[in-house]
file final.txt (compact mmCIF, C-alpha atoms)
# COMPACT_ATOMS: atom_id res chain seq x y z
CA MET A 1 18.51 24.97 226.90
CA SER A 2 19.10 26.90 230.14
CA SER A 3 17.56 25.95 233.45
CA VAL A 4 16.31 29.53 233.90
CA PHE A 5 15.05 30.46 230.44
CA HIS A 6 13.91 29.01 227.13
CA LEU A 7 15.49 30.18 223.85
CA SER A 8 14.75 28.45 220.58
CA TYR A 9 15.79 29.35 217.03
CA VAL A 10 14.10 28.73 213.70
CA GLU A 11 15.81 28.94 210.32
CA PRO A 12 14.26 31.67 208.15
CA PRO A 13 12.40 30.69 204.97
CA PRO A 14 14.76 30.64 201.95
CA ALA A 15 13.15 33.79 200.55
CA LEU A 16 14.21 35.70 203.70
CA ALA A 17 17.68 34.22 204.13
CA ARG A 18 19.59 37.30 202.91
CA HIS A 19 17.71 39.58 205.28
CA VAL A 20 16.86 37.43 208.31
CA LEU A 21 19.58 35.46 210.07
CA ALA A 22 17.35 33.62 212.52
CA LEU A 23 13.89 33.73 214.05
CA PHE A 24 13.62 33.14 217.77
CA HIS A 25 11.28 32.59 220.72
CA PHE A 26 12.52 33.56 224.18
CA GLU A 27 10.97 33.08 227.64
CA TRP A 28 12.43 33.96 231.02
CA ASN A 29 9.82 33.50 233.74
CA GLN A 30 11.63 34.77 236.82
CA HIS A 31 10.30 37.93 238.50
CA GLU A 32 13.61 39.82 238.57
CA ILE A 33 16.09 39.47 235.70
CA ILE A 34 19.52 41.10 235.53
CA ASP A 35 21.84 40.48 232.57
CA ARG A 36 23.63 42.23 229.70
CA HIS A 37 22.67 42.59 226.06
CA PRO A 38 25.57 42.50 223.56
CA GLY A 39 23.60 44.22 220.80
CA ALA A 40 25.79 42.51 218.23
CA LEU A 41 23.10 42.21 215.57
CA SER A 42 20.00 44.12 214.50
CA GLN A 43 16.66 42.77 215.64
CA ILE A 44 12.93 43.28 215.31
CA VAL A 45 11.16 41.88 218.36
CA LEU A 46 7.58 41.41 219.53
CA PHE A 47 7.36 41.92 223.26
CA PRO A 48 4.20 40.28 224.70
CA ARG A 49 5.37 40.04 228.33
CA GLY A 50 7.74 41.91 230.61
CA ARG A 51 9.05 45.42 231.15
CA GLY A 52 12.28 46.88 232.44
CA PHE A 53 15.19 49.20 231.88
CA LEU A 54 18.26 49.30 229.63
CA HIS A 55 21.20 51.10 231.25
CA GLY A 56 23.34 53.08 228.81
CA GLU A 57 26.08 55.57 229.54
CA GLY A 58 24.23 58.01 231.78
CA VAL A 59 20.90 57.17 230.11
CA ILE A 60 18.21 54.73 231.26
CA GLN A 61 15.74 53.56 228.62
CA VAL A 62 12.39 52.05 229.51
CA VAL A 63 11.87 48.68 227.82
CA LYS A 64 8.17 48.05 227.34
CA GLY A 65 5.43 48.05 224.74
CA ASN A 66 4.32 45.77 221.95
CA ALA A 67 7.59 45.62 220.01
CA HIS A 68 10.96 47.20 219.44
CA LEU A 69 13.67 47.56 216.83
CA LEU A 70 17.36 47.34 217.67
CA ALA A 71 20.13 48.41 215.29
CA GLY A 72 22.93 47.36 217.66
CA PHE A 73 25.14 48.59 220.49
CA ASP A 74 28.74 49.77 220.46
CA ARG A 75 29.29 47.80 223.69
CA ALA A 76 27.37 45.40 225.93
CA LEU A 77 24.71 47.22 227.95
CA PRO A 78 23.23 46.00 231.25
CA PHE A 79 19.49 45.67 231.72
CA THR A 80 17.01 44.83 234.46
CA MET A 81 13.62 43.30 233.75
CA GLU A 82 10.43 42.60 235.66
CA GLY A 83 9.40 39.14 234.51
CA PRO A 84 7.99 37.02 233.18
CA TRP A 85 9.73 38.25 230.03
CA HIS A 86 8.75 36.82 226.64
CA ALA A 87 10.07 37.95 223.25
CA ILE A 88 9.57 36.64 219.71
CA GLY A 89 11.54 38.14 216.89
CA ALA A 90 14.04 38.08 214.08
CA SER A 91 17.77 38.80 213.98
CA LEU A 92 18.49 40.88 210.89
CA SER A 93 21.54 41.01 208.66
CA PRO A 94 22.97 44.47 207.90
CA LEU A 95 21.18 44.21 204.56
CA GLY A 96 17.96 43.28 206.39
CA TRP A 97 18.06 46.29 208.71
CA ALA A 98 18.64 48.70 205.83
CA ALA A 99 16.04 47.11 203.56
CA LEU A 100 13.37 47.04 206.28
CA THR A 101 13.87 50.43 207.96
CA ARG A 102 15.49 52.51 205.18
CA SER A 103 17.41 54.18 208.01
CA PRO A 104 21.17 54.26 208.74
CA ALA A 105 22.18 51.85 211.49
CA ASN A 106 24.57 54.33 213.09
CA ARG A 107 21.72 56.80 213.69
CA ASN A 108 19.88 54.17 215.71
CA PHE A 109 22.69 52.61 217.73
CA ASN A 110 22.59 52.15 221.53
CA ARG A 111 18.82 52.42 221.88
CA PHE A 112 15.60 50.58 221.38
CA VAL A 113 13.52 52.11 218.59
CA ASP A 114 9.74 52.20 218.31
CA PRO A 115 9.04 50.17 215.13
CA GLY A 116 6.15 52.46 214.25
CA GLN A 117 8.74 55.15 213.50
CA TYR A 118 9.86 53.21 210.43
CA LEU A 119 7.17 50.61 209.81
CA GLY A 120 4.08 52.67 210.49
CA GLU A 121 0.70 51.98 212.07
CA GLU A 122 0.34 48.75 210.09
CA PHE A 123 3.09 47.12 212.13
CA GLU A 124 1.80 48.57 215.40
CA THR A 125 -1.59 46.96 214.71
CA PHE A 126 0.06 43.68 213.73
CA ALA A 127 2.22 43.62 216.87
CA SER A 128 -0.64 44.51 219.22
CA THR A 129 -3.00 41.89 217.75
CA THR A 130 -0.34 39.17 217.66
CA ASN A 131 0.75 39.79 221.25
CA GLU A 132 -2.84 39.68 222.48
CA LEU A 133 -3.36 36.30 220.78
CA TYR A 134 -0.11 35.02 222.30
CA ARG A 135 -1.05 36.16 225.80
CA ALA A 136 -4.46 34.52 225.42
CA GLY A 137 -2.82 31.23 224.45
CA THR A 138 -4.36 31.27 220.99
CA LEU A 139 -0.93 31.49 219.34
CA SER A 140 2.19 29.62 220.42
CA GLY A 141 5.69 31.04 220.13
CA GLN A 142 6.18 29.05 216.94
CA ASP A 143 2.92 30.41 215.55
CA VAL A 144 4.09 33.96 216.20
CA ILE A 145 7.43 33.25 214.52
CA ALA A 146 5.61 32.08 211.38
CA ARG A 147 3.27 35.05 211.50
CA LEU A 148 6.17 37.51 211.85
CA ALA A 149 8.10 35.92 208.96
CA GLU A 150 5.02 36.19 206.76
CA TRP A 151 4.56 39.86 207.68
CA LEU A 152 8.20 40.71 206.99
CA ALA A 153 8.55 38.87 203.68
CA PRO A 154 7.13 41.54 201.30
CA ARG A 155 8.56 44.51 203.17
CA PHE A 156 12.29 44.37 202.42
CA ALA A 157 13.07 47.06 199.86
CA PRO A 158 15.95 46.66 197.37
CA LEU A 159 19.20 48.53 198.00
CA PRO A 160 21.51 49.93 195.31
CA ALA A 161 23.46 47.02 193.84
CA ALA A 162 26.77 48.71 194.64
CA HIS A 163 25.79 49.03 198.30
CA GLU A 164 24.74 45.38 198.51
CA LYS A 165 28.12 44.45 197.06
CA LEU A 166 29.84 46.62 199.68
CA ILE A 167 27.95 44.85 202.48
CA GLU A 168 29.07 41.48 201.09
CA ARG A 169 32.69 42.65 200.87
CA VAL A 170 32.63 43.93 204.46
CA LEU A 171 31.22 40.63 205.71
CA GLY A 172 33.87 38.73 203.80
CA TRP A 173 36.53 40.98 205.31
CA LEU A 174 35.22 40.46 208.86
CA GLY A 175 35.21 36.71 208.32
CA SER A 176 38.70 36.59 206.83
CA SER A 177 40.51 36.79 210.14
CA LEU A 178 39.89 37.21 213.83
CA ASN A 179 41.73 40.53 213.57
CA PRO A 180 41.35 41.81 209.98
CA GLU A 181 43.36 44.83 208.86
CA VAL A 182 41.39 47.89 207.71
CA GLU A 183 43.81 48.31 204.80
CA ASP A 184 42.68 44.92 203.47
CA LEU A 185 39.10 46.17 203.31
CA HIS A 186 40.06 49.24 201.31
CA ARG A 187 41.76 47.00 198.76
CA VAL A 188 38.55 45.07 197.99
CA VAL A 189 36.01 47.91 197.82
CA SER A 190 35.56 50.46 195.05
CA TYR A 191 35.04 53.51 197.25
CA SER A 192 37.45 56.05 198.67
CA GLN A 193 38.53 55.66 202.27
CA ARG A 194 36.16 58.41 203.39
CA GLN A 195 33.20 56.96 201.47
CA THR A 196 33.96 53.50 202.81
CA GLU A 197 33.99 54.77 206.40
CA ARG A 198 30.66 56.51 205.87
CA LEU A 199 28.94 53.57 204.17
CA VAL A 200 30.21 50.96 206.62
CA ALA A 201 28.90 53.09 209.51
CA ARG A 202 25.59 53.47 207.68
CA TYR A 203 25.05 49.73 207.18
CA PHE A 204 26.91 48.26 210.17
CA GLY A 205 26.59 51.03 212.74
CA LEU A 206 30.32 51.46 213.30
CA ALA A 207 33.32 52.54 211.25
CA PRO A 208 35.51 49.67 209.97
CA ARG A 209 38.16 49.73 212.72
CA ALA A 210 35.59 49.82 215.55
CA LEU A 211 33.49 47.17 213.78
CA ALA A 212 36.46 44.80 213.51
CA ARG A 213 37.33 45.38 217.16
CA LYS A 214 33.79 44.57 218.30
CA PHE A 215 33.51 41.37 216.26
CA ARG A 216 36.98 40.27 217.35
CA ALA A 217 35.83 40.33 220.96
CA ILE A 218 32.51 38.64 220.26
CA ARG A 219 34.07 35.87 218.17
CA ALA A 220 36.82 35.32 220.75
CA ALA A 221 34.21 35.02 223.50
CA ARG A 222 32.25 32.58 221.40
CA ILE A 223 35.31 30.43 220.75
CA LEU A 224 36.31 30.49 224.40
CA SER A 225 32.80 29.38 225.41
CA GLU A 226 33.31 26.05 223.61
CA GLU A 227 34.32 23.05 225.72
CA LYS A 228 37.30 22.20 223.51
CA LEU A 229 39.72 24.79 222.17
CA GLY A 230 41.83 23.65 219.20
CA HIS A 231 45.47 24.62 218.75
CA GLU A 232 44.71 26.75 215.67
CA ALA A 233 41.98 28.68 217.50
CA GLU A 234 44.18 29.16 220.55
CA ALA A 235 47.03 30.51 218.40
CA GLU A 236 44.81 32.92 216.45
CA ILE A 237 43.18 34.26 219.61
CA GLY A 238 46.62 34.77 221.14
CA ALA A 239 47.81 36.69 218.08
CA ALA A 240 44.71 38.90 217.93
CA PHE A 241 45.27 40.57 221.32
CA TYR A 242 48.29 42.16 222.95
CA ASP A 243 48.03 39.89 225.98
CA GLN A 244 45.44 38.14 228.14
CA PRO A 245 44.47 41.27 230.17
CA HIS A 246 43.83 43.08 226.87
CA MET A 247 41.64 40.22 225.67
CA ILE A 248 39.68 40.17 228.93
CA ARG A 249 39.09 43.94 228.78
CA GLU A 250 37.87 43.76 225.19
CA ILE A 251 35.54 40.82 225.82
CA ARG A 252 34.19 42.50 228.93
CA ARG A 253 33.54 45.71 226.98
CA TYR A 254 31.65 44.14 224.09
CA CYS A 255 30.17 41.04 225.73
CA GLY A 256 29.67 42.19 229.31
CA TYR A 257 31.39 39.29 231.04
CA THR A 258 34.65 37.38 231.31
CA PRO A 259 34.47 33.83 229.90
CA THR A 260 34.66 30.99 232.41
CA ARG A 261 37.77 29.72 230.65
CA LEU A 262 39.49 32.97 231.72
CA GLY A 263 38.30 32.77 235.31
CA GLY A 264 35.00 34.58 234.98
CA ALA A 265 31.35 33.59 235.13
CA GLY A 266 29.26 34.32 232.05
CA GLU A 267 25.66 35.48 232.21
CA PRO A 268 23.44 32.62 230.99
CA LEU A 269 21.60 34.60 228.32
CA PHE A 270 24.74 35.84 226.60
CA GLN A 271 26.28 32.36 226.75
CA ALA A 272 23.25 31.05 224.88
CA MET A 273 23.35 33.88 222.34
CA LEU A 274 26.99 33.12 221.54
CA LYS A 275 26.04 29.66 220.36
CA MET A 276 23.44 30.78 217.85
CA LYS A 277 23.88 30.37 214.13
CA ASN A 278 23.60 34.06 213.27
CA PHE A 279 27.33 34.63 212.88
CA ASP A 280 27.73 31.53 210.72
CA ARG A 281 24.96 32.79 208.44
CA LEU A 282 26.76 36.11 208.14
CA GLY A 283 29.90 34.28 207.11
CA ILE A 284 31.62 35.29 210.35
CA ARG A 285 32.43 31.83 211.64
CA ALA A 286 34.24 30.63 214.70
CA ILE A 287 37.72 29.25 214.03
CA ASP A 288 37.72 25.50 213.48
call {"tool": "encode", "arguments": {"input": "final.txt", "output": "structure tokens"}}
result
Amino acid sequence: MSSVFHLSYVEPPPALARHVLALFHFEWNQHEIIDRHPGALSQIVLFPRGRGFLHGEGVIQVVKGNAHLLAGFDRALPFTMEGPWHAIGASLSPLGWAALTRSPANRNFNRFVDPGQYLGEEFETFASTTNELYRAGTLSGQDVIARLAEWLAPRFAPLPAAHEKLIERVLGWLGSSLNPEVEDLHRVVSYSQRQTERLVARYFGLAPRALARKFRAIRAARILSEEKLGHEAEAEIGAAFYDQPHMIREIRRYCGYTPTRLGGAGEPLFQAMLKMKNFDRLGIRAID
């Protein structure tokens, strides 16, 4: 728990476990909020309080409204918010994003998406009604989490079995090493190199090499945020980067800050997000 915001996680119901990594309730009640969003995982989020701006490369997006969808970012993006800022939502697995939106992740990267574009007026009505009840105090954050999980449950469409298998193989590959080789992925999938590149971008938002690079930085930052760093973890981190300046640049690019262990000061929100269980549920665990 941070002294400046509240962030709590709820395990998804077993029936949603393949599609939803975690459900969450977030509150930050300051009037001016400046931080970075790593955009590591897809999300669907109800947005009952707050508005602001997401700063991309030469593009500023307005962050407001009843809800938003996020497929992911190719790097950490800064944002500014007018608080209080409250959000209740679900982090989605790559399978979850595809099954819910039926839209390629790479076509939706680096932006917030209006959920009505993929989920229709039914979700817009649900989000508006739920947010009004939350603002009125009729529903708590935990009530909204339960309500959102119930709404999502029947709306995940099946994917082709071969594509589900590919997603599983890619997750296994990402979790096999802090710095997995792309050639190792091609050995465990049944598609050509070109097809693999296309399908990985479709379901994960990035081609395999860029995907591995992003998760290497995020996992390294997560490991370095722990109080104790084991010898095995220290050795694998050292082997995954050319040198410490390279590691710092990569973590800064994808996470938006330099870990305290490396002489930097991490933003409190991202520090909290690093400790969530989402990566463990994906099978992309920190090194023991």
call {"tool": "closest_residue", "arguments": {"input": "final.txt", "among": "A:Ser225, A:Gln195, A:Thr129, A:Asn179", "to": "Arg209 in chain A", "atoms": "all atoms listed in the file"}}
result
A:Asn179
call {"tool": "atom_distance", "arguments": {"input": "final.txt", "atom1": "CA of Val45 in chain A", "atom2": "CA of Phe5 in chain A"}}
result
17.1 Å
call {"tool": "residues_around", "arguments": {"input": "final.txt", "residues": "Ala207 in chain A", "least_positions_apart": "4", "cutoff": "12 Å", "atoms": "all atoms listed in the file", "output": "count of residues only"}}
result
21
call {"tool": "residues_around", "arguments": {"input": "final.txt", "residues": "range 111-121 of chain A", "least_positions_apart": "6", "cutoff": "12 Å", "atoms": "all atoms listed in the file", "output": "ChimeraX atom specification"}}
result
/A:37,39,42-47,53-57,59-77,79,97-105,127-128,151-152,155-156
call {"tool": "atom_distance", "arguments": {"input": "final.txt", "atom1": "CA of Pro78 in chain A", "atom2": "CA of Arg253 in chain A"}}
result
11.2 Å
call {"tool": "atom_distance", "arguments": {"input": "final.txt", "atom1": "CA of Tyr242 in chain A", "atom2": "CA of Asn110 in chain A"}}
result
27.6 Å
call {"tool": "residues_near_point", "arguments": {"input": "final.txt", "point": "(35.3, 35.3, 220.8)", "cutoff": "10 Å", "atoms": "all atoms listed in the file", "output": "number ranges by chain"}}
result
A: 178, 214-226, 233, 237, 247, 250-251, 255, 259, 274, 286-287
call {"tool": "closest_atom_pairs", "arguments": {"input": "final.txt", "of": "range 49-99 of chain A", "to": "range 140-148 of chain A", "cutoff": "9 Å", "atoms": "only C-alpha atoms", "output": "JSON lines"}}
result
{"residue": "A:Ala87", "atom": "CA", "partner": "A:Gly141", "partner_atom": "CA", "distance": 8.8}
{"residue": "A:Ile88", "atom": "CA", "partner": "A:Ile145", "partner_atom": "CA", "distance": 6.6}
{"residue": "A:Gly89", "atom": "CA", "partner": "A:Ile145", "partner_atom": "CA", "distance": 6.8}
{"residue": "A:Ala90", "atom": "CA", "partner": "A:Ile145", "partner_atom": "CA", "distance": 8.2}
call {"tool": "residues_around", "arguments": {"input": "final.txt", "residues": "range 8-10 of chain A", "least_positions_apart": "3", "cutoff": "7 Å", "atoms": "only C-alpha atoms", "output": "list of chain:residue names"}}
result
A:Ala22, A:Leu23, A:Phe24, A:His25, A:Phe26
